[in-house]
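input.cif (mmCIF, C-alpha atoms)
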```cif
data_data
loop_
_atom_site.label_atom_id
_atom_site.label_comp_id
_atom_site.auth_asym_id
_atom_site.auth_seq_id
_atom_site.Cartn_x
_atom_site.Cartn_y
_atom_site.Cartn_z
CA MET G 25 82.25 86.95 140.58
CA ALA G 26 85.67 86.16 141.97
CA VAL G 27 84.24 85.79 145.46
CA SER G 28 81.50 83.47 144.16
CA VAL G 29 84.01 81.32 142.28
CA ALA G 30 86.27 81.14 145.32
CA ALA G 31 83.34 80.18 147.57
CA ALA G 32 82.28 77.46 145.14
CA LEU G 33 85.79 76.03 145.00
CA ILE G 34 86.01 76.03 148.79
CA CYS G 35 82.68 74.20 149.04
CA LEU G 36 83.82 71.70 146.42
CA ALA G 37 87.07 71.11 148.28
CA MET G 38 85.25 70.62 151.55
CA PHE G 39 82.82 68.18 149.92
CA GLU G 40 85.65 66.24 148.30
CA ALA G 41 87.58 66.01 151.56
CA GLY G 42 84.52 64.96 153.56
CA ALA G 43 83.31 62.46 150.98
CA ARG G 44 86.68 60.73 150.84
CA LEU G 45 86.46 60.05 154.57
CA LEU G 46 83.20 58.17 154.02
CA ILE G 47 84.29 56.03 151.07
CA LYS G 48 84.63 52.32 151.73
CA PRO G 49 86.99 50.23 149.58
CA SER G 50 85.58 47.84 146.99
CA ASP G 51 86.99 45.07 144.80
CA LYS G 52 84.48 45.93 142.06
CA CYS G 53 84.88 49.66 141.64
CA TYR G 54 86.62 52.81 142.89
CA GLY G 55 84.78 52.63 146.20
CA VAL G 56 81.38 52.83 147.90
CA LEU G 57 79.98 56.12 149.21
CA LEU G 58 76.94 55.73 151.45
CA GLY G 59 75.89 52.61 149.59
CA ASN G 60 76.57 54.07 146.14
CA GLU G 61 79.19 52.26 144.06
CA LEU G 62 81.44 54.80 142.36
CA PRO G 63 83.05 54.40 138.93
CA PRO G 64 85.27 53.40 137.34
CA PHE G 65 84.31 49.75 137.64
CA LYS G 66 86.84 47.02 136.99
CA ILE G 67 86.37 44.73 134.00
CA ASP G 68 86.46 41.39 135.76
CA ILE G 69 87.03 38.73 133.11
CA GLY G 70 87.43 36.02 135.77
CA ASP G 71 90.07 33.32 135.59
CA LEU G 72 88.95 32.38 132.04
CA THR G 73 89.11 28.66 132.40
CA LEU G 74 86.40 26.23 131.43
CA PRO G 75 84.51 25.18 134.56
CA ASP G 76 84.70 21.73 136.05
CA PHE G 77 81.59 20.24 134.45
CA ASN G 78 81.82 17.18 136.70
CA ALA G 79 81.68 19.17 139.94
CA TRP G 80 78.54 18.44 141.97
CA GLN G 81 76.14 21.40 142.09
CA GLY G 82 73.64 19.99 144.60
CA LEU G 83 70.57 17.79 144.75
CA SER G 84 67.70 17.70 142.29
CA ALA G 85 64.04 17.70 143.29
CA ASN G 86 64.01 13.92 143.65
CA GLY G 87 67.18 13.91 145.75
CA GLY G 88 69.63 12.87 143.04
CA ALA G 89 72.95 14.70 142.81
CA VAL G 90 73.60 16.82 139.70
CA THR G 91 76.67 18.49 138.23
CA ARG G 92 77.21 21.65 136.22
CA GLY G 93 77.38 19.53 133.09
CA ASP G 94 74.01 17.95 133.89
CA LEU G 95 72.38 21.36 134.20
CA GLY G 96 73.78 23.13 131.15
CA GLY G 97 75.85 20.73 129.08
CA LEU G 98 79.53 20.00 128.51
CA MET G 99 81.31 22.74 126.54
CA GLU G 100 84.66 23.31 124.88
CA GLU G 101 86.41 26.33 123.39
CA ASP G 102 85.74 27.29 119.80
CA PRO G 103 87.61 30.10 117.96
CA ALA G 104 84.58 31.05 115.84
CA LEU G 105 81.70 30.75 118.32
CA GLY G 106 83.51 31.19 121.63
CA TYR G 107 82.33 27.83 122.90
CA VAL G 108 80.39 24.82 121.58
CA PRO G 109 79.02 21.60 123.08
CA GLN G 110 81.41 18.68 123.21
CA LYS G 111 80.56 15.84 120.84
CA ASN G 112 79.80 12.30 122.01
CA ALA G 113 79.81 13.39 125.63
CA VAL G 114 77.59 12.59 128.60
CA SER G 115 77.26 14.42 131.90
CA ARG G 116 78.06 12.70 135.17
CA ALA G 117 74.45 12.01 136.21
CA GLY G 118 73.29 11.53 132.63
CA TRP G 119 70.96 14.54 132.41
CA TRP G 120 72.75 15.83 129.28
CA GLN G 121 74.23 13.87 126.40
CA SER G 122 75.48 14.86 122.96
CA ASN G 123 75.86 12.90 119.74
CA ASN G 124 78.36 12.90 116.89
CA PHE G 125 77.16 16.32 115.65
CA GLY G 126 77.01 17.91 119.10
CA ALA G 127 73.21 17.83 119.27
CA ARG G 128 71.60 17.03 122.61
CA SER G 129 70.75 13.45 121.75
CA ARG G 130 71.28 9.92 123.04
CA LEU G 131 71.76 8.60 119.51
CA ASP G 132 74.24 9.39 116.77
CA THR G 133 72.82 10.98 113.64
CA PRO G 134 73.79 9.96 110.09
CA LYS G 135 74.42 12.76 107.61
CA GLU G 136 71.76 11.44 105.26
CA ILE G 137 68.08 11.38 106.20
CA PRO G 138 66.77 7.81 106.42
CA PRO G 139 63.92 6.96 104.00
CA GLY G 140 60.45 7.87 105.22
CA LEU G 141 61.78 10.36 107.78
CA LYS G 142 61.63 14.16 107.93
CA ARG G 143 64.45 15.86 109.85
CA VAL G 144 64.07 19.11 111.78
CA ILE G 145 67.05 21.05 113.19
CA ILE G 146 66.24 23.24 116.20
CA LEU G 147 68.60 26.06 117.19
CA GLY G 148 68.41 28.41 120.16
CA GLU G 149 69.80 29.10 123.61
CA SER G 150 69.11 27.69 127.08
CA PHE G 151 65.31 27.63 126.70
CA THR G 152 65.81 25.41 123.64
CA ASN G 153 68.61 23.33 125.11
CA GLY G 154 66.32 22.50 128.04
CA SER G 155 68.69 23.89 130.61
CA ARG G 156 68.29 22.63 134.19
CA ILE G 157 66.05 19.70 133.30
CA ARG G 158 66.67 16.14 132.15
CA GLN G 159 67.29 15.48 128.49
CA GLU G 160 63.99 13.72 127.81
CA GLU G 161 62.04 16.58 129.45
CA ALA G 162 63.22 19.34 127.08
CA TRP G 163 60.57 20.36 124.53
CA PRO G 164 62.64 19.34 121.46
CA SER G 165 63.01 15.88 123.02
CA VAL G 166 59.29 15.70 123.76
CA LEU G 167 58.59 16.54 120.11
CA ASN G 168 60.47 13.40 119.10
CA GLY G 169 57.69 11.32 120.62
CA LYS G 170 54.99 12.87 118.42
CA SER G 171 55.63 10.87 115.25
CA LYS G 172 57.96 8.13 114.12
CA HIS G 173 58.20 9.91 110.78
CA VAL G 174 59.71 13.17 112.11
CA GLU G 175 63.09 13.57 113.81
CA PHE G 176 63.88 16.67 115.87
CA LEU G 177 67.53 17.47 116.65
CA ASN G 178 68.21 19.84 119.55
CA PHE G 179 71.13 22.19 118.85
CA GLY G 180 70.26 24.69 121.59
CA VAL G 181 73.24 25.96 123.62
CA ASP G 182 73.16 27.78 126.96
CA GLY G 183 74.04 31.47 126.66
CA TYR G 184 73.98 31.70 122.87
CA SER G 185 72.87 34.78 121.01
CA MET G 186 70.93 34.65 117.77
CA ALA G 187 74.21 35.55 116.06
CA GLN G 188 75.87 32.45 117.48
CA CYS G 189 72.87 30.37 116.43
CA LEU G 190 73.19 31.62 112.85
CA LEU G 191 76.92 30.89 112.84
CA ARG G 192 76.32 27.42 114.21
CA TYR G 193 73.77 26.75 111.49
CA GLU G 194 76.29 27.96 108.89
CA GLY G 195 78.63 25.23 110.12
CA LEU G 196 75.93 22.55 110.13
CA LYS G 197 73.79 23.12 107.08
CA SER G 198 76.11 21.46 104.56
CA ARG G 199 77.25 18.66 106.85
CA LEU G 200 73.85 17.47 108.05
CA ASP G 201 70.91 16.86 105.71
CA HIS G 202 67.63 18.32 106.96
CA ASP G 203 64.19 19.42 105.77
CA VAL G 204 63.29 22.13 108.29
CA VAL G 205 65.28 24.52 110.47
CA ILE G 206 63.67 26.08 113.55
CA LEU G 207 65.17 29.03 115.41
CA ALA G 208 63.76 29.74 118.88
CA PHE G 209 63.96 33.38 119.99
CA VAL G 210 63.42 34.38 123.65
CA PRO G 211 63.24 38.22 123.63
CA GLN G 212 63.91 39.11 127.26
CA PRO G 213 67.21 37.22 127.74
CA ASP G 214 68.26 37.22 124.07
CA LEU G 215 68.11 40.78 122.76
CA TRP G 216 70.88 42.29 124.86
CA ARG G 217 73.23 39.53 123.71
CA GLU G 218 72.98 40.79 120.12
CA VAL G 219 74.74 44.03 121.13
CA ASN G 220 77.16 42.48 123.63
CA VAL G 221 80.48 40.67 123.16
CA LEU G 222 81.69 40.24 126.75
CA ARG G 223 79.06 38.50 128.87
CA GLN G 224 80.87 39.55 132.05
CA LEU G 225 79.41 43.04 131.54
CA GLY G 226 76.00 41.40 131.97
CA GLY G 227 77.01 39.71 135.22
CA TRP G 228 78.27 36.37 133.89
CA ARG G 229 81.57 34.71 134.78
CA ASN G 230 84.48 33.28 132.79
CA CYS G 231 83.09 33.73 129.28
CA PRO G 232 85.24 34.30 126.19
CA VAL G 233 84.71 37.29 123.92
CA VAL G 234 81.95 36.13 121.58
CA PRO G 235 81.16 37.17 118.00
CA ARG G 236 78.32 39.48 117.07
CA PHE G 237 76.88 41.11 113.97
CA VAL G 238 76.66 44.81 113.18
CA LEU G 239 74.58 46.40 110.44
CA GLY G 240 76.39 47.60 107.34
CA ASP G 241 75.36 48.80 103.89
CA GLY G 242 75.18 45.22 102.67
CA GLY G 243 73.28 43.90 105.69
CA LEU G 244 74.97 41.89 108.41
CA LYS G 245 78.69 42.25 109.04
CA LEU G 246 80.35 39.70 111.32
CA ILE G 247 82.58 40.99 114.11
CA ARG G 248 84.79 38.21 115.36
CA SER G 249 86.56 38.06 118.70
CA PRO G 250 90.09 39.50 118.65
CA TYR G 251 91.15 36.49 120.73
CA ALA G 252 91.60 32.95 119.46
CA SER G 253 91.36 31.39 122.92
CA TYR G 254 90.75 31.92 126.62
CA GLU G 255 94.51 31.94 127.11
CA ALA G 256 95.05 34.83 124.68
CA LEU G 257 92.59 37.03 126.55
CA LYS G 258 93.90 35.94 129.94
CA ASN G 259 97.42 37.01 128.98
CA GLU G 260 96.38 40.56 128.09
CA ASP G 261 96.45 43.50 130.48
CA VAL G 262 92.74 44.28 130.23
CA SER G 263 93.03 47.10 132.80
CA GLY G 264 95.07 49.23 130.44
CA PRO G 265 93.21 52.14 128.78
CA ARG G 266 94.61 51.15 125.36
CA SER G 267 94.10 47.40 125.71
CA VAL G 268 92.79 45.45 122.73
CA LEU G 269 89.80 44.35 124.80
CA ARG G 270 88.84 47.88 125.84
CA GLU G 271 89.04 49.15 122.26
CA HIS G 272 86.90 46.22 121.11
CA LEU G 273 84.31 46.92 123.81
CA ARG G 274 84.16 50.63 122.96
CA LYS G 275 83.29 49.77 119.37
CA TYR G 276 81.03 46.75 119.68
CA ASP G 277 79.64 46.28 123.19
CA ARG G 278 76.61 48.41 124.09
CA LEU G 279 76.86 47.25 127.71
CA TYR G 280 80.22 48.98 127.91
CA PHE G 281 79.45 52.49 129.18
CA PRO G 282 82.52 54.76 129.32
CA ALA G 283 80.98 56.60 132.27
CA LYS G 284 80.99 53.30 134.18
CA TYR G 285 84.32 51.81 133.14
CA GLU G 286 86.56 54.77 132.34
CA SER G 287 87.94 57.74 134.26
CA PRO G 288 89.08 60.87 132.40
CA PRO G 289 92.26 62.67 133.47
CA LEU G 290 92.08 65.42 136.08
CA ILE G 291 88.33 65.60 136.80
CA GLY G 292 88.04 61.82 136.87
CA GLY G 293 89.57 61.79 140.33
CA LEU G 294 86.85 64.03 141.81
CA ILE G 295 84.16 62.34 143.90
CA SER G 296 81.63 64.84 142.54
CA TYR G 297 82.51 63.74 139.00
CA LYS G 298 82.16 60.08 139.98
CA LEU G 299 78.68 60.73 141.38
CA LEU G 300 77.69 62.46 138.15
CA ALA G 301 79.18 59.63 136.06
CA ARG G 302 77.24 57.14 138.17
CA ALA G 303 73.98 58.92 137.43
CA VAL G 304 74.83 58.97 133.71
CA TYR G 305 75.61 55.26 133.35
CA LEU G 306 72.58 54.23 135.45
CA TRP G 307 70.38 56.25 133.09
CA GLN G 308 72.13 54.69 130.08
CA GLU G 309 71.60 51.16 131.42
CA LYS G 310 67.92 51.82 132.10
CA SER G 311 67.42 53.38 128.67
CA LEU G 312 69.11 50.44 126.90
CA ASN G 313 67.07 47.81 128.74
CA SER G 314 63.74 49.59 128.33
CA HIS G 315 64.15 50.04 124.57
CA LEU G 316 65.55 46.64 123.58
CA MET G 317 62.21 45.41 122.21
CA ASP G 318 61.54 48.62 120.31
CA GLU G 319 61.23 47.91 116.60
CA ARG G 320 64.00 50.41 115.77
CA SER G 321 66.48 49.41 118.48
CA GLU G 322 69.86 48.16 117.30
CA ALA G 323 69.32 44.79 118.96
CA MET G 324 65.94 44.31 117.29
CA ARG G 325 67.14 45.41 113.85
CA ILE G 326 70.09 43.00 114.04
CA SER G 327 67.81 40.17 115.20
CA ARG G 328 65.43 40.73 112.29
CA GLU G 329 68.35 40.70 109.86
CA ILE G 330 69.56 37.40 111.35
CA PHE G 331 66.11 35.85 111.02
CA GLY G 332 65.82 37.11 107.45
CA ALA G 333 69.27 35.82 106.51
CA MET G 334 68.54 32.37 107.91
CA GLY G 335 65.14 32.27 106.24
CA ARG G 336 66.49 33.29 102.82
CA ASP G 337 69.33 30.78 103.06
CA ALA G 338 66.96 27.96 103.98
CA GLU G 339 64.59 28.86 101.14
CA GLN G 340 67.42 28.93 98.59
CA ARG G 341 68.47 25.46 99.74
CA GLY G 342 64.95 24.11 99.46
CA LYS G 343 64.42 23.96 103.23
CA LYS G 344 61.65 25.39 105.37
CA PHE G 345 62.49 27.99 108.02
CA VAL G 346 60.41 28.52 111.16
CA LEU G 347 60.93 31.20 113.80
CA VAL G 348 59.52 30.30 117.21
CA LEU G 349 58.87 33.29 119.45
CA LEU G 350 59.29 31.70 122.88
CA PRO G 351 58.72 34.10 125.79
CA SER G 352 60.34 33.50 129.17
CA LYS G 353 58.21 33.42 132.31
CA GLN G 354 59.33 36.99 133.00
CA ASP G 355 58.05 37.97 129.54
CA VAL G 356 54.73 36.20 130.16
CA ASP G 357 54.22 37.76 133.61
CA ALA G 358 54.93 41.24 132.26
CA TYR G 359 52.65 40.65 129.27
CA ARG G 360 49.79 39.73 131.58
CA SER G 361 50.18 42.67 133.97
CA ASP G 362 51.61 45.59 131.98
CA ARG G 363 49.74 47.10 129.02
CA LEU G 364 52.85 48.91 127.81
CA VAL G 365 54.82 45.65 127.73
CA ARG G 366 51.91 43.95 125.97
CA ARG G 367 51.84 46.62 123.24
CA GLN G 368 55.62 46.48 122.90
CA TYR G 369 55.66 42.69 122.62
CA ASP G 370 52.76 42.60 120.15
CA ALA G 371 54.52 45.21 118.02
CA LEU G 372 57.68 43.09 118.09
CA ALA G 373 55.77 39.99 116.99
CA ALA G 374 54.02 41.94 114.24
CA SER G 375 57.30 43.33 112.92
CA LEU G 376 58.70 39.79 112.65
CA LYS G 377 55.65 38.47 110.84
CA ARG G 378 55.81 41.37 108.34
CA GLN G 379 59.11 39.95 107.13
CA GLY G 380 57.21 37.13 105.50
CA ILE G 381 58.79 34.53 107.78
CA PHE G 382 56.64 31.75 109.17
CA CYS G 383 56.60 32.73 112.85
CA ILE G 384 55.07 30.73 115.69
CA ASP G 385 54.32 33.18 118.49
CA LEU G 386 53.78 31.24 121.71
CA MET G 387 52.90 34.27 123.83
CA PRO G 388 49.10 34.17 123.25
CA ASP G 389 48.93 30.51 124.27
CA LEU G 390 51.42 30.71 127.16
CA SER G 391 49.73 33.81 128.60
CA ARG G 392 46.52 31.78 128.93
CA VAL G 393 48.23 28.95 130.85
CA SER G 394 47.44 28.99 134.55
CA PRO G 395 50.31 30.42 136.64
CA SER G 396 50.11 27.30 138.80
CA GLN G 397 51.26 25.24 135.81
CA PHE G 398 54.44 27.24 135.31
CA ASP G 399 56.98 24.92 136.87
CA THR G 400 60.71 25.60 136.71
CA GLY G 401 63.90 23.63 136.34
CA TYR G 402 66.70 23.19 138.84
CA ASP G 403 67.69 26.89 139.08
CA GLY G 404 64.16 28.35 139.12
CA GLY G 405 64.95 30.53 136.10
CA HIS G 406 64.14 28.13 133.28
CA TYR G 407 60.99 26.23 132.42
CA GLY G 408 60.40 22.86 134.06
CA PRO G 409 59.10 19.60 132.55
CA VAL G 410 55.41 20.62 132.62
CA VAL G 411 55.89 23.87 130.65
CA ASN G 412 58.30 22.16 128.25
CA LYS G 413 55.60 19.61 127.49
CA VAL G 414 53.07 22.41 126.94
CA ILE G 415 55.51 24.18 124.58
CA SER G 416 56.03 20.97 122.59
CA GLU G 417 52.26 20.58 122.15
CA MET G 418 51.92 24.17 120.92
CA VAL G 419 54.83 23.91 118.49
CA TRP G 420 53.71 20.52 117.16
CA ARG G 421 50.17 21.74 116.54
CA ARG G 422 51.32 24.86 114.70
CA LEU G 423 53.85 22.96 112.57
CA ARG G 424 51.28 20.34 111.66
CA ASP G 425 48.49 22.84 110.91
CA ALA G 426 50.85 24.82 108.63
CA GLY G 427 51.90 21.68 106.78
CA VAL G 428 55.55 22.08 107.77
CA ILE G 429 55.69 18.48 109.03
#
```

Taking this structure as input, can you express it in the form of structure tokens?
Amino acid sequence: MAVSVAAALICLAMFEAGARLLIKPSDKCYGVLLGNELPPFKIDIGDLTLPDFNAWQGLSANGGAVTRGDLGGLMEEDPALGYVPQKNAVSRAGWWQSNNFGARSRLDTPKEIPPGLKRVIILGESFTNGSRIRQEEAWPSVLNGKSKHVEFLNFGVDGYSMAQCLLRYEGLKSRLDHDVVILAFVPQPDLWREVNVLRQLGGWRNCPVVPRFVLGDGGLKLIRSPYASYEALKNEDVSGPRSVLREHLRKYDRLYFPAKYESPPLIGGLISYKLLARAVYLWQEKSLNSHLMDERSEAMRISREIFGAMGRDAEQRGKKFVLVLLPSKQDVDAYRSDRLVRRQYDALAASLKRQGIFCIDLMPDLSRVSPSQFDTGYDGGHYGPVVNKVISEMVWRRLRDAGVI
């Protein structure tokens, strides 16, 4: 036994010595061994400054120059939501403009609803905002041309989670009279955000720590950011093992895998341990992503609670609540080609409808649209003007047939 143990230790030592000779340095992690990035990875929070929204990003399809603000909107810091759209602002090329309430609109909105008009508030993320297309091409804007008796206000914000949408509605509902509130949910890009507080762990740059909800005995419990501003986070030593940020991530961010971002004493320095830790966190990432749409996943349970909370609140206030299930092109492509994804998505839609919420599921209609009609916006990752028009037609028809408008 002693000889076997000694031989194993000698082999381990030889492997460790040889492996270290092959490791290449990296700014992202411990190092790279034969193309394999080894943990621990650095938590790169970026420079944590709001981007220059007036900086030119390139040329649009028709040759006109566009800025970051044109493509996603003009934002400012907010201690409760992380960031919100600026009010009464317009992007450099005019693709994006906000009104006095921060809605994506060319016109200011009075608090009271004018006589003979029905007002609909629409909340969501980039697919609702109409990211990467001109203001008038976004589906909420197209809806405004359907009837002179119905007003649609677009409160979609790039990068928002459903939690942030609920919090934004909490801040709007008493200040802005309305008849209907619509929440647009895009499963593929949205679900992971419900269990994440630092978007940098998902590959984003320069985002503040955002709020999220967790499930408690009484339903939803709000977890706020421990930082009041970009500056407060920037001034902290986030690399420290006992940093406020790291403790917050351990508790509330499911994209924070200790095997990826931490190194235990003693064995943590071994290359063999790092290879094992790499295998562990890769399996954890795959498992998280593949189960997000499962009915019992944490992200899905939190999302359903958010939808239920918004629906109950609207009903108590005499308003109508509508949930729009808006799949991304990636969702639609997978739904068409993968039976497992189709069953998973249909089960998700069914679980939402069982809550008794009026839900408009756009997947059946969008999956029948010819792939040649699926145009995209400036970045190729969001829907273009053609699909936005199709979405507006689908939503309008369903709202009208249900007597919502």

Minimum-distance residue to Ala426 in chain G, chosen among G:Asn86, G:Val346, G:Thr400, G:Val356 (using only C-alpha atoms):
G:Val346

Might you pull out every residue within 9 Å of range 225-233 of chain G, with all atoms listed in the file counted and same-chain residues fewer than 3 positions away left off, and present them as a VMD selection string?
chain G and resid 67 to 75 101 106 to 107 216 to 217 220 to 222 248 to 251 253 to 254 257 269 277 279 to 280

Near Ala301 in chain G, counting only C-alpha atoms, which residues have an atom at most 10 Å away, once you skip same-chain residues fewer than 4 positions from it, shown as an MDAnalysis selection string?
chainID G and resid 62:64 281:287 292 295:297 305:307

Picked residues, the PyMOL selection byres ((chain G and resi 126) around 8), as a ChimeraX atom specification:
/G:109-112,122-125,127-128,179

Residue nearest Val219 in chain G - candidates G:Asp203, G:Glu136, G:Glu322, G:Glu194, atoms counted: all atoms listed in the file
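Among the listed residues, the smallest separation from Val219 in chain G belongs to G:Glu322.
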
Take the PyMOL selection byres ((chain G and resi 401) around 10), apply it to the structure above, and return the hits as a list in words.
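Matching residues under the PyMOL selection byres ((chain G and resi 401) around 10) are Ser84, Ala85, Leu95, Gly154, Ser155, Arg156, Ile157, Arg158, Asp399, Thr400, Tyr402, Asp403, Gly404, Gly405, His406, Tyr407, Gly408, Pro409, Val410, Val411 and Asn412 of chain G.
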
Restricted to C-alpha atoms, what would the selected residues look like written as a tab-separated table (two decimals), keeping the file's coordinate frame?
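Below is the file result_6.tsv, written as the result:
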```tsv
chain	number	residue	atom	x	y	z
G	84	SER	CA	67.70	17.70	142.29
G	85	ALA	CA	64.04	17.70	143.29
G	95	LEU	CA	72.38	21.36	134.20
G	154	GLY	CA	66.32	22.50	128.04
G	155	SER	CA	68.69	23.89	130.61
G	156	ARG	CA	68.29	22.63	134.19
G	157	ILE	CA	66.05	19.70	133.30
G	158	ARG	CA	66.67	16.14	132.15
G	399	ASP	CA	56.98	24.92	136.87
G	400	THR	CA	60.71	25.60	136.71
G	402	TYR	CA	66.70	23.19	138.84
G	403	ASP	CA	67.69	26.89	139.08
G	404	GLY	CA	64.16	28.35	139.12
G	405	GLY	CA	64.95	30.53	136.10
G	406	HIS	CA	64.14	28.13	133.28
G	407	TYR	CA	60.99	26.23	132.42
G	408	GLY	CA	60.40	22.86	134.06
G	409	PRO	CA	59.10	19.60	132.55
G	410	VAL	CA	55.41	20.62	132.62
G	411	VAL	CA	55.89	23.87	130.65
G	412	ASN	CA	58.30	22.16	128.25
```

CA of Ala113 in chain G to CA of Gly93 in chain G, straight-line distance in Å
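A separation of 10.0 Å between them.
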
Given the choices G:Asp182, G:Asp389, G:Asp425, G:Glu255, which gets closest to Thr152 in chain G if the distance is worked out from only C-alpha atoms?
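Comparing G:Asp182, G:Asp389, G:Asp425, G:Glu255 against Thr152 in chain G, the winner is G:Asp182.
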
Using all atoms listed in the file, which of the listed residues (G:Trp80, G:Val114, G:Asn259, G:Ala333) sits closest to Cys189 in chain G?
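Checking each of G:Trp80, G:Val114, G:Asn259, G:Ala333 against Cys189 in chain G, counting all atoms listed in the file, the winner is G:Ala333.
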
So which one's closest to Lys343 in chain G, G:Gly59, G:Trp163, G:Val204, G:Val210? Using all atoms listed in the file, please.
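Nearest to Lys343 in chain G: G:Val204.
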
Contact residues around Gly427 in chain G with all atoms listed in the file at 12 Å, ignoring same-chain residues under 4 positions, as a PyMOL selection string:
chain G and resi 204+344+346+382+420-423

Compile the contact shell of Phe345 in chain G as a list in words: residues with an atom at most 7 Å away, counting only C-alpha atoms, same-chain residues fewer than 6 positions apart removed.
Val204, Val205, Ile206, Gly335 and Ala338 of chain G

What is the CA of Asp132 in chain G-CA of Ala89 in chain G distance in Å, reported with one decimal?
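We find that CA of Asp132 in chain G and CA of Ala89 in chain G lie 26.6 Å from each other.
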
So, counting all atoms listed in the file, which residue among G:Asp355, G:Ile415, G:Lys66, G:Arg424 is closest to Ser165 in chain G?
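Result for the nearest residue to Ser165 in chain G: G:Ile415.
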
Given the file shown, enumerate the residues that the PyMOL selection byres ((chain G and resi 317) around 9) captures and present them as a PyMOL selection string.
chain G and resi 211-212+215+313-316+318-321+323-324+368-369+371-372
